[in-house]
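Novice: Input upload-v6.json, format and content: JSON, C-alpha atoms.
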```json
[["chain", "number", "residue", "atom", "x", "y", "z"],
["A", 1, "MET", "CA", 4.78, -10.03, 16.62],
["A", 2, "PRO", "CA", 3.99, -10.64, 12.91],
["A", 3, "MET", "CA", 2.13, -7.93, 11.05],
["A", 4, "GLU", "CA", -0.83, -8.57, 8.79],
["A", 5, "LEU", "CA", 0.12, -6.94, 5.48],
["A", 6, "THR", "CA", -2.15, -6.42, 2.51],
["A", 7, "PHE", "CA", -1.49, -5.01, -0.94],
["A", 8, "ALA", "CA", -3.71, -2.55, -2.78],
["A", 9, "GLU", "CA", -3.53, -0.48, -5.92],
["A", 10, "MET", "CA", -2.31, 2.98, -5.02],
["A", 11, "SER", "CA", -4.99, 5.65, -5.25],
["A", 12, "SER", "CA", -5.24, 9.34, -4.44],
["A", 13, "ARG", "CA", -6.48, 8.52, -0.92],
["A", 14, "HIS", "CA", -3.03, 7.03, -0.18],
["A", 15, "LEU", "CA", -1.02, 10.03, -1.37],
["A", 16, "ASP", "CA", -0.54, 11.85, 1.96],
["A", 17, "GLU", "CA", 1.06, 8.76, 3.49],
["A", 18, "VAL", "CA", 2.99, 7.92, 0.32],
["A", 19, "LEU", "CA", 4.40, 11.46, 0.19],
["A", 20, "ALA", "CA", 5.48, 11.26, 3.85],
["A", 21, "ILE", "CA", 7.37, 8.02, 3.09],
["A", 22, "GLU", "CA", 8.81, 9.58, -0.08],
["A", 23, "GLN", "CA", 10.07, 12.62, 1.87],
["A", 24, "ALA", "CA", 11.70, 10.39, 4.50],
["A", 25, "SER", "CA", 13.30, 8.09, 1.92],
["A", 26, "PHE", "CA", 14.82, 10.15, -0.88],
["A", 27, "PRO", "CA", 17.03, 13.25, -1.14],
["A", 28, "THR", "CA", 14.93, 14.49, -4.06],
["A", 29, "PRO", "CA", 11.41, 13.21, -3.43],
["A", 30, "TRP", "CA", 8.69, 13.06, -6.04],
["A", 31, "SER", "CA", 5.96, 15.67, -5.75],
["A", 32, "ARG", "CA", 2.25, 15.12, -5.24],
["A", 33, "TYR", "CA", 1.84, 16.21, -8.87],
["A", 34, "ALA", "CA", 4.27, 13.49, -10.07],
["A", 35, "PHE", "CA", 2.38, 10.76, -8.25],
["A", 36, "THR", "CA", -0.99, 12.13, -9.33],
["A", 37, "TYR", "CA", 0.15, 12.22, -12.95],
["A", 38, "GLU", "CA", 1.35, 8.62, -12.73],
["A", 39, "LEU", "CA", -1.95, 7.46, -11.21],
["A", 40, "MET", "CA", -4.30, 9.46, -13.44],
["A", 41, "HIS", "CA", -2.56, 9.84, -16.79],
["A", 42, "ASN", "CA", 0.24, 7.32, -17.33],
["A", 43, "GLU", "CA", -1.38, 4.33, -19.02],
["A", 44, "PHE", "CA", 1.84, 2.32, -18.57],
["A", 45, "ALA", "CA", 2.01, 2.86, -14.78],
["A", 46, "VAL", "CA", 1.19, 0.34, -12.06],
["A", 47, "TYR", "CA", 1.54, 1.51, -8.43],
["A", 48, "ILE", "CA", 0.82, -0.46, -5.28],
["A", 49, "VAL", "CA", 0.85, 0.19, -1.56],
["A", 50, "VAL", "CA", 1.36, -2.23, 1.29],
["A", 51, "LEU", "CA", -0.89, -1.69, 4.27],
["A", 52, "ALA", "CA", -0.53, -2.67, 7.93],
["A", 53, "GLY", "CA", -4.19, -2.36, 8.87],
["A", 54, "GLU", "CA", -5.18, 0.94, 7.28],
["A", 55, "LYS", "CA", -1.69, 2.47, 7.44],
["A", 56, "VAL", "CA", 0.46, 2.73, 4.30],
["A", 57, "VAL", "CA", 3.85, 1.33, 5.29],
["A", 58, "GLY", "CA", 5.37, 1.12, 1.82],
["A", 59, "TYR", "CA", 4.78, 1.49, -1.89],
["A", 60, "ALA", "CA", 6.24, 0.53, -5.24],
["A", 61, "GLY", "CA", 5.66, 1.36, -8.86],
["A", 62, "MET", "CA", 6.56, 0.27, -12.34],
["A", 63, "TRP", "CA", 5.91, 1.07, -15.96],
["A", 64, "LEU", "CA", 4.87, -1.77, -18.26],
["A", 65, "VAL", "CA", 5.91, -1.28, -21.86],
["A", 66, "LEU", "CA", 5.37, -4.22, -24.19],
["A", 67, "ASP", "CA", 6.95, -7.17, -22.35],
["A", 68, "GLU", "CA", 9.23, -5.13, -20.06],
["A", 69, "ALA", "CA", 8.56, -3.85, -16.56],
["A", 70, "HIS", "CA", 10.61, -0.87, -15.40],
["A", 71, "VAL", "CA", 10.59, -0.31, -11.63],
["A", 72, "THR", "CA", 10.18, 3.40, -10.92],
["A", 73, "ASN", "CA", 10.31, 3.43, -7.13],
["A", 74, "VAL", "CA", 10.19, 1.32, -4.01],
["A", 75, "ALA", "CA", 10.09, 2.73, -0.47],
["A", 76, "VAL", "CA", 9.21, 1.60, 3.03],
["A", 77, "HIS", "CA", 8.33, 3.85, 5.96],
["A", 78, "PRO", "CA", 11.42, 4.24, 8.20],
["A", 79, "ASP", "CA", 9.55, 2.81, 11.23],
["A", 80, "TYR", "CA", 8.82, -0.39, 9.27],
["A", 81, "ARG", "CA", 12.18, -1.09, 7.67],
["A", 82, "ARG", "CA", 14.16, -4.28, 8.32],
["A", 83, "ARG", "CA", 10.96, -6.35, 8.39],
["A", 84, "ARG", "CA", 11.24, -7.71, 4.81],
["A", 85, "ILE", "CA", 8.52, -5.34, 3.58],
["A", 86, "GLY", "CA", 10.71, -4.11, 0.71],
["A", 87, "ARG", "CA", 11.20, -7.74, -0.37],
["A", 88, "LYS", "CA", 7.44, -8.36, -0.19],
["A", 89, "LEU", "CA", 6.76, -5.22, -2.23],
["A", 90, "MET", "CA", 9.21, -6.32, -4.92],
["A", 91, "GLN", "CA", 7.78, -9.85, -4.96],
["A", 92, "GLU", "CA", 4.27, -8.44, -5.40],
["A", 93, "LEU", "CA", 5.43, -6.06, -8.13],
["A", 94, "MET", "CA", 7.13, -8.95, -9.93],
["A", 95, "ARG", "CA", 4.03, -11.14, -9.57],
["A", 96, "ARG", "CA", 1.83, -8.42, -11.03],
["A", 97, "ALA", "CA", 4.29, -7.76, -13.85],
["A", 98, "VAL", "CA", 4.20, -11.44, -14.88],
["A", 99, "MET", "CA", 0.39, -11.47, -14.69],
["A", 100, "LEU", "CA", 0.33, -8.43, -16.98],
["A", 101, "GLY", "CA", 2.61, -10.08, -19.55],
["A", 102, "ALA", "CA", 6.09, -8.82, -18.63],
["A", 103, "ARG", "CA", 8.92, -11.17, -19.48],
["A", 104, "ARG", "CA", 11.73, -9.12, -17.98],
["A", 105, "MET", "CA", 12.17, -6.38, -15.38],
["A", 106, "THR", "CA", 14.70, -3.61, -14.96],
["A", 107, "LEU", "CA", 15.52, -0.90, -12.46],
["A", 108, "GLU", "CA", 18.14, 1.67, -11.54],
["A", 109, "VAL", "CA", 19.56, 1.95, -8.05],
["A", 110, "ARG", "CA", 22.08, 4.36, -6.54],
["A", 111, "THR", "CA", 25.57, 2.86, -6.40],
["A", 112, "SER", "CA", 25.68, 3.75, -2.67],
["A", 113, "ASN", "CA", 22.40, 1.93, -1.87],
["A", 114, "HIS", "CA", 23.98, -1.37, -0.86],
["A", 115, "VAL", "CA", 20.91, -2.59, 1.04],
["A", 116, "ALA", "CA", 18.68, -2.27, -2.04],
["A", 117, "ARG", "CA", 21.32, -3.76, -4.32],
["A", 118, "ARG", "CA", 21.59, -6.83, -2.06],
["A", 119, "LEU", "CA", 17.80, -7.16, -2.03],
["A", 120, "TYR", "CA", 17.54, -6.99, -5.81],
["A", 121, "THR", "CA", 20.39, -9.45, -6.27],
["A", 122, "SER", "CA", 18.69, -11.88, -3.86],
["A", 123, "LEU", "CA", 15.57, -11.63, -6.04],
["A", 124, "GLY", "CA", 17.50, -12.66, -9.16],
["A", 125, "PHE", "CA", 18.43, -9.26, -10.59],
["A", 126, "VAL", "CA", 21.85, -8.95, -12.23],
["A", 127, "GLU", "CA", 23.91, -5.77, -12.61],
["A", 128, "ARG", "CA", 24.17, -5.02, -16.32],
["A", 129, "GLY", "CA", 25.53, -1.48, -16.54],
["A", 130, "ARG", "CA", 25.83, 2.04, -15.18],
["A", 131, "ARG", "CA", 24.22, 5.35, -15.90],
["A", 132, "ARG", "CA", 26.87, 7.96, -15.11],
["A", 133, "GLY", "CA", 25.59, 10.95, -13.13],
["A", 134, "TYR", "CA", 22.03, 9.61, -13.32],
["A", 135, "TYR", "CA", 20.94, 11.11, -9.98],
["A", 136, "THR", "CA", 21.16, 14.82, -10.66],
["A", 137, "ASP", "CA", 20.78, 15.80, -6.98],
["A", 138, "THR", "CA", 24.17, 14.25, -6.12],
["A", 139, "ASN", "CA", 25.56, 13.38, -9.57],
["A", 140, "GLU", "CA", 25.73, 9.77, -8.33],
["A", 141, "ASP", "CA", 25.79, 6.90, -10.80],
["A", 142, "ALA", "CA", 22.96, 4.42, -11.10],
["A", 143, "VAL", "CA", 23.51, 0.70, -11.37],
["A", 144, "ILE", "CA", 21.23, -0.81, -14.02],
["A", 145, "MET", "CA", 19.87, -4.19, -12.98],
["A", 146, "TRP", "CA", 17.81, -6.72, -14.93],
["A", 147, "LYS", "CA", 15.84, -9.83, -14.11],
["A", 148, "ASP", "CA", 15.58, -11.68, -17.40],
["A", 149, "PRO", "CA", 13.61, -13.80, -17.76],
["A", 150, "LEU", "CA", 10.91, -12.70, -15.35],
["A", 151, "ASP", "CA", 9.33, -16.11, -15.50],
["A", 152, "GLY", "CA", 7.03, -16.19, -12.53],
["A", 153, "THR", "CA", 9.62, -17.68, -10.23],
["A", 154, "VAL", "CA", 10.19, -15.21, -7.43],
["A", 155, "PRO", "CA", 12.97, -16.24, -5.03],
["A", 156, "GLY", "CA", 12.00, -16.32, -1.38],
["A", 157, "THR", "CA", 8.24, -16.52, -1.84]]
```
When written as structure tokens, how does the structure in this file appear?

Specialist:
Amino acid sequence: MPMELTFAEMSSRHLDEVLAIEQASFPTPWSRYAFTYELMHNEFAVYIVVLAGEKVVGYAGMWLVLDEAHVTNVAVHPDYRRRRIGRKLMQELMRRAVMLGARRMTLEVRTSNHVARRLYTSLGFVERGRRRGYYTDTNEDAVIMWKDPLDGTVPGT
């Protein structure tokens, strides 16, 4: 059965659910303080949640600096994975980035995260480099990916 999904700007009222998803998704999750700082003090930050009814089922964030968008995080609740919600989150993030004047978008992804790498590639991102030992929890490399130009065309929309 299809789910009705809506997007909203992330706010402090979403943080308990966001933190639960963060804990379930990453070996070194962000803290409540990190998210609160991003929402309250980082003028470059844009964070969104995707809701199924009133429930937060995923979130994504980016920093907008000049004409570049840098994806900071994307995560979907484990019970809602494999339903294209990550794709929809990225498409919404890209749409908002274009609306806010971004001309290109970048992100880092763990070399071992093949699912995410396939998703980003399917959205037009290209691998452009590596950051050796970027993830300090495991010393794993990050693959640097770019979508350039970010021209408003979002594959699969």

Novice: Between A:Leu64, A:Glu127, A:Val71, A:Val49, which residue has the minimum interatomic distance to Ile85 (chain A), considering only C-alpha atoms?

Specialist: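 Of all the options, A:Val49 lies closest to Ile85 (chain A).
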
Novice: How many Å lie between CA of Arg130 (chain A) and CA of Ala20 (chain A), rounded to one decimal?

Specialist: 29.3 Å

Novice: Which neighbours of region 109-125 of chain A fall inside 6 Å, counting all atoms listed in the file, when residues of the same chain fewer than 4 positions from it are skipped, and could you give them as a list in words?

Specialist: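 The contact residues come out as Asp141, Ala142, Val143, Met145, Trp146, Lys147 and Pro155 of chain A.
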
Novice: Nearest residue to Ala45 (chain A) out of A:Arg95, A:His70, A:Arg82, A:Arg132, using only C-alpha atoms?

Specialist: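 The answer is A:His70, which sits nearest to Ala45 (chain A).
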
Novice: Give me, please, the distance in Å between CA of Glu9 (chain A) and CA of Ala75 (chain A), quoted to one decimal.

Specialist: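 Spanning CA of Glu9 (chain A) to CA of Ala75 (chain A) is a straight-line distance of 15.0 Å.
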
Novice: Could you please determine the separation between CA of His14 (chain A) and CA of Leu89 (chain A) in Å, to one decimal place?

Specialist: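 Separation of CA of His14 (chain A) and CA of Leu89 (chain A): 15.8 Å.
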
Novice: Mind checking which residues fall within 12 Å of Glu22 (chain A), counting only C-alpha atoms, ignoring those fewer than 2 positions away in the same chain, and posting them as a PyMOL selection string?

Specialist: chain A and resi 15-20+24-32+34-35+56-60+73-78
